[in-house]
Amino acid sequence: MGSRLPSVSARMHERFIVNLRVPPQVLRDRLPACVTPQVVNGYAVVSFCMLDLRGVTLAPLPPIVGPRSISCAQRYAILAESGEPAVFVPERQTNFAVGARLSALGFAAPHRLVDIAIERESPATELRVQDGNDIMFEAALRPSGEFSSAVFATLDDFAAFMAAGVRSYGRSRHEGRLTVLDLHKDDGSYEPLFIEWIGGTFVDDCLAVGAQVDSALRTTDAHYVWKYHGLIADAVGSTRS
């Protein structure tokens, strides 16, 4: 495992995270064979993350000169073969056309170009991810005075859960191979959000197999650095069936 590709850095202006609690076996069936679900208070956790990134640059340039990109991804909390907490990301998407083209040229797992919108409709923020006619994710979120979750007892518990997920694995264009990526971040506090409504094919697919919408949060203003470590082999070269 290894890569000569440079690290990517950015200023995370704003990040939204919507969590769904899932029966562990349901998530296990969707994972590569070399990883397992991370179980928290009896649940596996699937999240939809949307990131408003500013100053996206390649190292060693500082994150003050690069463009803006709004990106999103499904985030599955897992345990790696070592037993350490990690993340499985089936696919990453972006609304930044140049970034999508560059990732297709240089990375084993390109960022697919989709329509992503963050719109303020006071007091709510509306999020939408659309790929052609397919609305993959949409939600209206507004600030909440308290944090409510069946998975995480406190905001500190959630923050620790997120901080532990540095390493991520993802599907690549090479059959039987997974990408390995570390995300180093210095997220501050998390603001709990109330979900006014939520939908899209990602949510519908999760609910259809027994998932429940759990919680939503927002964090702002952090430095993010992605370091690509190359490819590893899946234990059996395919997802479980």
# chains A, B, ... in the order shown; residues from 1 in each chain; ligands from 1
>>> residues_around(residues="Asp187 of chain A", least_positions_apart="5", cutoff="9 Å", atoms="only C-alpha atoms", output="ChimeraX atom specification")
/A:12,159,163,219-224
>>> closest_atom_pairs(of="segment 116-163 of chain A", to="segment 71-91 of chain A", cutoff="10 Å", atoms="only C-alpha atoms", output="CSV")
residue,atom,partner,partner_atom,distance
A:Ile116,CA,A:Ser71,CA,7.6
A:Ala117,CA,A:Ser71,CA,9.9
A:Val129,CA,A:Cys72,CA,8.2
A:Phe137,CA,A:Cys72,CA,9.9
A:Phe161,CA,A:Pro85,CA,8.5
A:Met162,CA,A:Ala77,CA,9.1
A:Ala163,CA,A:Pro85,CA,9.7
>>> write_last_selection(atoms="all heavy atoms", output="compact mmCIF listing (two decimals), in the first residue's frame")
# COMPACT_ATOMS: atom_id res chain seq x y z
N ILE A 116 -25.57 19.77 -6.15
CA ILE A 116 -25.66 19.85 -4.70
C ILE A 116 -26.04 21.27 -4.32
O ILE A 116 -25.44 22.23 -4.82
CB ILE A 116 -24.33 19.48 -4.01
CG1 ILE A 116 -23.83 18.11 -4.48
CG2 ILE A 116 -24.50 19.49 -2.50
CD1 ILE A 116 -22.49 17.70 -3.88
N ALA A 117 -27.04 21.41 -3.45
CA ALA A 117 -27.50 22.74 -3.06
C ALA A 117 -27.64 22.82 -1.54
O ALA A 117 -28.11 21.88 -0.90
CB ALA A 117 -28.83 23.06 -3.73
N VAL A 129 -29.32 16.87 -2.96
CA VAL A 129 -28.35 16.26 -3.85
C VAL A 129 -29.12 15.56 -4.96
O VAL A 129 -29.95 14.69 -4.69
CB VAL A 129 -27.44 15.25 -3.12
CG1 VAL A 129 -26.43 14.65 -4.09
CG2 VAL A 129 -26.73 15.91 -1.94
N PHE A 137 -30.75 12.77 -2.08
CA PHE A 137 -30.92 13.16 -0.68
C PHE A 137 -31.50 14.55 -0.62
O PHE A 137 -31.12 15.43 -1.41
CB PHE A 137 -29.57 13.13 0.04
CG PHE A 137 -29.64 13.57 1.48
CD1 PHE A 137 -30.00 12.66 2.46
CD2 PHE A 137 -29.37 14.87 1.86
CE1 PHE A 137 -30.10 13.05 3.79
CE2 PHE A 137 -29.45 15.28 3.18
CZ PHE A 137 -29.81 14.36 4.15
N PHE A 161 -17.03 9.74 18.54
CA PHE A 161 -17.31 8.79 17.47
C PHE A 161 -16.78 9.32 16.13
O PHE A 161 -16.11 8.61 15.38
CB PHE A 161 -18.81 8.55 17.42
CG PHE A 161 -19.33 7.86 16.20
CD1 PHE A 161 -19.26 6.48 16.08
CD2 PHE A 161 -19.91 8.59 15.17
CE1 PHE A 161 -19.76 5.84 14.94
CE2 PHE A 161 -20.42 7.96 14.04
CZ PHE A 161 -20.34 6.58 13.94
N MET A 162 -17.03 10.59 15.85
CA MET A 162 -16.57 11.18 14.59
C MET A 162 -15.04 11.31 14.57
O MET A 162 -14.40 11.05 13.55
CB MET A 162 -17.21 12.54 14.39
CG MET A 162 -18.70 12.50 14.11
SD MET A 162 -19.12 11.66 12.55
CE MET A 162 -18.46 12.85 11.37
N ALA A 163 -14.46 11.70 15.69
CA ALA A 163 -13.01 11.90 15.75
C ALA A 163 -12.26 10.59 15.52
O ALA A 163 -11.15 10.58 14.98
CB ALA A 163 -12.62 12.50 17.09
>>> atom_distance(atom1="atom CA of Asp52 of chain A", atom2="atom CA of Ala153 of chain A")
27.3 Å
>>> closest_residue(among="A:Asp205, A:Gly66, A:Val180, A:Phe48", to="Phe16 of chain A", atoms="only C-alpha atoms")
A:Phe48
>>> atom_distance(atom1="atom CA of Asn95 of chain A", atom2="atom CA of Arg128 of chain A")
11.5 Å
>>> select_by_dssp(residues="segment 1-240 of chain A", states="helix (DSSP H, G or I)", output="NGL selection string")
:A and (24-28 or 97-106 or 155-164 or 201-208)
>>> atom_distance(atom1="atom CA of Asp204 of chain A", atom2="atom CA of Met136 of chain A")
9.2 Å
>>> closest_residue(among="A:Cys49, A:Ala211, A:Val151, A:Ala139", to="Trp197 of chain A", atoms="only C-alpha atoms")
A:Ala139
>>> residues_around(residues="Asp156 of chain A", least_positions_apart="4", cutoff="9 Å", atoms="only C-alpha atoms", output="list in words")
Phe152, Ala160, Phe161, Ser189 and Tyr190 of chain A
